[in-house]
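Structure below is work24.csv: CSV, C-alpha atoms (C1' of nucleotides).
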chain,number,residue,atom,x,y,z
J,1,MET,CA,25.9,35.8,-62.9
J,2,ALA,CA,25.6,39.6,-62.9
J,3,THR,CA,28.8,41.4,-62.5
J,4,SER,CA,29.1,44.9,-61.4
J,5,PHE,CA,30.0,46.0,-64.9
J,6,GLN,CA,26.9,44.3,-66.4
J,7,LYS,CA,24.6,45.9,-63.8
J,8,ALA,CA,26.1,49.3,-64.7
J,9,VAL,CA,25.3,48.6,-68.4
J,10,TRP,CA,21.8,47.6,-67.7
J,11,GLU,CA,21.2,50.6,-65.5
J,12,ALA,CA,22.4,52.8,-68.3
J,13,LEU,CA,20.0,51.1,-70.8
J,14,LYS,CA,17.1,51.6,-68.5
J,15,ARG,CA,17.8,55.4,-68.6
J,16,ILE,CA,17.1,55.4,-72.4
J,17,PRO,CA,13.6,56.9,-72.8
J,18,ARG,CA,11.1,55.4,-75.2
J,19,GLY,CA,11.6,56.4,-78.8
J,20,LYS,CA,15.3,57.0,-78.3
J,21,VAL,CA,18.4,54.9,-79.1
J,22,THR,CA,22.0,54.9,-78.1
J,23,THR,CA,25.2,53.3,-79.1
J,24,TYR,CA,27.7,50.9,-77.5
J,25,GLY,CA,30.3,53.6,-77.7
J,26,ALA,CA,28.0,56.1,-75.8
J,27,ILE,CA,27.4,53.5,-73.1
J,28,ALA,CA,31.1,52.8,-72.8
J,29,ALA,CA,31.8,56.5,-72.5
J,30,HIS,CA,29.1,56.8,-69.9
J,31,LEU,CA,30.7,54.1,-67.9
J,32,ASN,CA,34.1,55.7,-68.4
J,33,THR,CA,35.5,52.9,-70.4
J,34,LYS,CA,36.3,51.9,-73.9
J,35,ALA,CA,35.2,48.4,-73.6
J,36,VAL,CA,32.4,48.6,-76.2
J,37,ARG,CA,32.8,44.9,-76.8
J,38,ALA,CA,32.3,44.1,-73.2
J,39,VAL,CA,29.3,46.4,-73.2
J,40,GLY,CA,27.8,44.5,-76.1
J,41,SER,CA,28.4,41.2,-74.3
J,42,ALA,CA,26.7,42.6,-71.2
J,43,VAL,CA,23.7,43.8,-73.2
J,44,GLY,CA,23.4,40.4,-74.8
J,45,GLN,CA,23.4,38.7,-71.5
J,46,ASN,CA,20.9,40.9,-69.8
J,47,PRO,CA,18.4,38.7,-67.9
J,48,TYR,CA,15.8,41.5,-67.7
J,49,ALA,CA,14.7,41.4,-71.4
J,50,PRO,CA,11.6,43.7,-71.2
J,51,GLU,CA,12.9,45.7,-68.4
J,52,VAL,CA,16.2,46.5,-70.1
J,53,PRO,CA,15.5,48.0,-73.5
J,54,CYS,CA,18.3,46.2,-75.2
J,55,HIS,CA,16.7,46.8,-78.6
J,56,ARG,CA,17.4,50.6,-78.2
J,57,VAL,CA,21.1,49.9,-78.4
J,58,VAL,CA,22.7,50.2,-81.9
J,59,ASN,CA,26.2,50.3,-83.1
J,60,ALA,CA,28.2,53.2,-84.4
J,61,GLY,CA,26.5,55.1,-87.2
J,62,GLY,CA,23.0,54.1,-86.1
J,63,ARG,CA,23.2,50.6,-87.6
J,64,LEU,CA,21.2,48.0,-85.8
J,65,GLY,CA,24.1,45.6,-85.3
J,66,ASN,CA,23.3,42.3,-83.7
J,67,TYR,CA,20.3,41.2,-81.6
J,68,SER,CA,19.9,38.0,-79.6
J,69,GLY,CA,16.1,37.7,-79.6
J,70,GLU,CA,13.1,36.3,-81.5
J,71,GLY,CA,13.5,37.2,-85.1
J,72,GLY,CA,16.8,38.8,-84.5
J,73,LYS,CA,17.2,42.2,-86.2
J,74,SER,CA,13.7,42.0,-87.7
J,75,THR,CA,12.1,42.1,-84.2
J,76,LYS,CA,14.5,44.8,-83.0
J,77,LYS,CA,13.6,46.9,-86.0
J,78,ARG,CA,9.9,46.4,-85.5
J,79,LEU,CA,10.2,47.3,-81.8
J,80,LEU,CA,12.1,50.5,-82.6
J,81,GLU,CA,9.6,51.6,-85.2
J,82,ARG,CA,6.8,50.9,-82.8
J,83,GLU,CA,8.4,53.5,-80.5
J,84,GLY,CA,8.6,56.1,-83.2
J,85,VAL,CA,12.1,55.3,-84.5
J,86,VAL,CA,12.3,55.0,-88.2
J,87,VAL,CA,14.5,52.1,-89.3
J,88,LYS,CA,15.4,51.5,-92.9
J,89,ASN,CA,17.7,48.8,-94.2
J,90,ASP,CA,19.0,47.9,-90.7
J,91,ARG,CA,19.8,51.5,-90.1
J,92,ILE,CA,18.3,54.3,-88.0
J,93,MET,CA,16.9,57.2,-90.1
J,94,ASP,CA,17.4,60.6,-88.5
J,95,PHE,CA,19.8,59.0,-86.1
J,96,GLY,CA,20.8,62.3,-84.6
J,97,THR,CA,17.2,63.0,-83.8
J,98,HIS,CA,16.6,59.7,-82.0
J,99,PHE,CA,20.0,59.5,-80.4
J,100,PHE,CA,20.0,59.5,-76.6
J,101,ASP,CA,23.1,61.4,-75.5
J,102,TYR,CA,24.2,60.5,-71.9
J,103,THR,CA,26.3,63.6,-71.7
J,104,LYS,CA,23.2,65.8,-72.4
J,105,GLU,CA,20.9,63.7,-70.2
J,106,ARG,CA,20.4,65.4,-66.8
X,1,DT,C1',46.7,32.3,-64.1
X,2,DA,C1',46.4,32.0,-69.2
X,3,DC,C1',43.9,31.7,-73.5
X,4,DA,C1',40.0,32.3,-76.4
X,5,DT,C1',35.7,34.8,-77.5
X,6,DG,C1',32.5,38.5,-78.3
X,7,DA,C1',25.1,42.2,-79.5
X,8,DC,C1',32.1,46.8,-81.3
X,9,DT,C1',35.0,50.5,-83.5
X,10,DA,C1',38.5,52.5,-86.3
X,11,DT,C1',41.8,52.1,-90.0
X,12,DC,C1',43.8,50.2,-94.2
X,13,DC,C1',43.5,48.2,-98.7
E,1,DG,C1',31.5,50.5,-100.9
E,2,DG,C1',33.0,46.2,-99.0
E,3,DG,C1',36.4,43.0,-96.8
E,4,DA,C1',40.3,42.3,-93.9
E,5,DT,C1',43.2,43.6,-89.7
E,6,DA,C1',44.2,45.5,-85.3
E,7,DG,C1',42.9,47.4,-80.7
E,8,DC,C1',40.0,47.4,-77.1
E,9,DC,C1',38.0,45.5,-72.1
E,10,DA,C1',35.2,42.1,-69.6
E,11,DT,C1',33.8,37.3,-69.2
E,12,DG,C1',34.0,32.3,-69.4
E,13,DT,C1',36.5,28.0,-69.7
Now that the file is in, can you turn its structure into structure tokens?
Amino acid sequence: MATSFQKAVWEALKRIPRGKVTTYGAIAAHLNTKAVRAVGSAVGQNPYAPEVPCHRVVNAGGRLGNYSGEGGKSTKKRLLEREGVVVKNDRIMDFGTHFFDYTKER
DNA sequence: TACATGACTATCC
DNA sequence: GGGATAGCCATGT
């Protein structure tokens, strides 16, 4: 079932524009919490696969981290590159450029 | 209510 | 640089 926390996480994900990525830590900070692990769980359980761009979420340092989808990280990597994000060796190139900062957004 | 688990992060060796 | 350990909060059993 969708808890209030999970909804908040998914809402945060939907704010990520195409071609941008964010981190679990950034989302946690945006939700005023440090539960980055809970955030990861929420993202992984999102029932709105195409609606919620879960593939735009990476872990600290711009590494892809995990991905519960077809092909796993491979698919995630391909989706990101298709949006203009360069991924190399499971890592985001020019992470700072593609990073979506919630504190700077609006 | 209590315990175990997890799409994580930071620190230590 | 890579592996192990601890801390963290929400969720599920």
Give me, as number ranges by chain, the contact residues of chain X against chain J at a cut-off of 9 Å, counting only C-alpha atoms (C1' of nucleotides).
X: 6-9
Dump as CSV the rows for residues of chain E within 7 Å of chain J: closest atom pair and distance in Å with one decimal, all atoms listed in the file counted, ordered by chain and rising residue number.
residue,atom,partner,partner_atom,distance
E:DC8,C1',J:Ala35,CA,6.0
E:DC9,C1',J:Ala35,CA,4.3
E:DA10,C1',J:Ala38,CA,5.0
Report the distance between atom C1' of DC13 of chain X and atom C1' of DG7 of chain E in Å, rounded to one decimal place.
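Result for atom C1' of DC13 of chain X versus atom C1' of DG7 of chain E: 18.0 Å, one decimal.
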Spatial neighbours of Arg56 of chain J, max dist 12 Å, all atoms listed in the file, sep filter under 3 positions, as an MDAnalysis selection string
(chainID J and resid 10 12:24 27 43 49:53 59 62:67 73 75:85 87 92 95 98:100) or (chainID X and resid 7)
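For the atom pair formed by atom C1' of DA4 of chain X and atom CA of Pro47 of chain J, the distance is 24.1 Å, given to one decimal.
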Mind giving me the straight-line distance from atom C1' of DG12 of chain E to atom CA of Ala2 of chain J in Å, one decimal?
12.9 Å
Shell around DT5 of chain E at 12 Å using only C-alpha atoms (C1' of nucleotides), local window under 5 positions removed, as a PyMOL selection string:
chain X and resi 10-13
Test item: write segment 1-12 of chain E with N, CA and C atoms (P, O5', C5', C4', C3', O3' and C1' of nucleotides) as a short mmCIF file (atom, residue, chain, number, x, y, z; two decimals), in the first residue's frame:
data_model
loop_
_atom_site.label_atom_id
_atom_site.label_comp_id
_atom_site.auth_asym_id
_atom_site.auth_seq_id
_atom_site.Cartn_x
_atom_site.Cartn_y
_atom_site.Cartn_z
P DG E 1 40.66 5.41 -6.56
"O5'" DG E 1 40.80 3.88 -6.19
"C5'" DG E 1 41.54 2.99 -7.01
"C4'" DG E 1 41.31 1.60 -6.46
"C3'" DG E 1 39.83 1.27 -6.31
"O3'" DG E 1 39.60 -0.07 -6.72
"C1'" DG E 1 40.89 1.11 -4.20
P DG E 2 38.16 -0.63 -6.84
"O5'" DG E 2 38.07 -1.59 -5.55
"C5'" DG E 2 39.08 -2.57 -5.35
"C4'" DG E 2 38.78 -3.35 -4.08
"C3'" DG E 2 37.30 -3.66 -3.88
"O3'" DG E 2 37.15 -4.98 -3.37
"C1'" DG E 2 38.08 -2.42 -2.05
P DG E 3 35.69 -5.59 -3.14
"O5'" DG E 3 35.70 -5.85 -1.56
"C5'" DG E 3 36.75 -6.62 -0.99
"C4'" DG E 3 36.62 -6.62 0.53
"C3'" DG E 3 35.22 -6.99 1.02
"O3'" DG E 3 35.33 -7.86 2.15
"C1'" DG E 3 35.83 -4.84 1.84
P DA E 4 33.99 -8.35 2.93
"O5'" DA E 4 34.04 -7.48 4.28
"C5'" DA E 4 35.23 -7.46 5.06
"C4'" DA E 4 35.02 -6.62 6.33
"C3'" DA E 4 33.68 -6.90 7.03
"O3'" DA E 4 33.88 -6.89 8.44
"C1'" DA E 4 33.83 -4.60 6.43
P DT E 5 32.65 -7.07 9.44
"O5'" DT E 5 32.30 -5.55 9.81
"C5'" DT E 5 33.35 -4.71 10.31
"C4'" DT E 5 32.76 -3.52 11.05
"C3'" DT E 5 31.43 -3.80 11.74
"O3'" DT E 5 31.39 -3.14 13.00
"C1'" DT E 5 31.16 -2.07 10.15
P DA E 6 30.07 -3.19 13.88
"O5'" DA E 6 29.50 -1.71 13.66
"C5'" DA E 6 30.38 -0.59 13.84
"C4'" DA E 6 29.63 0.71 13.65
"C3'" DA E 6 28.27 0.78 14.35
"O3'" DA E 6 28.06 2.09 14.86
"C1'" DA E 6 27.96 1.09 12.05
P DG E 7 26.76 2.40 15.72
"O5'" DG E 7 25.91 3.40 14.78
"C5'" DG E 7 26.56 4.53 14.21
"C4'" DG E 7 25.58 5.31 13.35
"C3'" DG E 7 24.16 5.36 13.93
"O3'" DG E 7 23.67 6.69 13.82
"C1'" DG E 7 24.10 4.47 11.74
P DC E 8 22.27 7.00 14.57
"O5'" DC E 8 21.26 7.11 13.33
"C5'" DC E 8 21.53 7.99 12.25
"C4'" DC E 8 20.69 7.63 11.04
"C3'" DC E 8 19.22 7.33 11.37
"O3'" DC E 8 18.46 8.52 11.35
"C1'" DC E 8 20.12 5.76 9.78
P DC E 9 17.20 8.60 12.34
"O5'" DC E 9 16.01 8.11 11.39
"C5'" DC E 9 15.77 8.79 10.16
"C4'" DC E 9 14.82 7.99 9.30
"C3'" DC E 9 13.48 7.70 9.96
"O3'" DC E 9 12.44 8.04 9.07
"C1'" DC E 9 14.44 5.70 9.14
P DA E 10 10.91 7.81 9.54
"O5'" DA E 10 10.48 6.62 8.57
"C5'" DA E 10 10.66 6.80 7.17
"C4'" DA E 10 10.17 5.58 6.39
"C3'" DA E 10 8.77 5.12 6.76
"O3'" DA E 10 8.10 4.68 5.58
"C1'" DA E 10 10.32 3.38 7.17
P DT E 11 6.65 4.07 5.66
"O5'" DT E 11 6.94 2.51 5.52
"C5'" DT E 11 7.84 2.09 4.48
"C4'" DT E 11 7.85 0.57 4.35
"C3'" DT E 11 6.50 -0.10 4.59
"O3'" DT E 11 6.30 -1.11 3.61
"C1'" DT E 11 8.13 -0.98 6.06
P DG E 12 4.95 -1.98 3.54
"O5'" DG E 12 5.40 -3.42 4.06
"C5'" DG E 12 6.54 -4.05 3.45
"C4'" DG E 12 6.81 -5.40 4.13
"C3'" DG E 12 5.55 -6.21 4.40
"O3'" DG E 12 5.81 -7.59 4.16
"C1'" DG E 12 6.69 -5.76 6.44
#
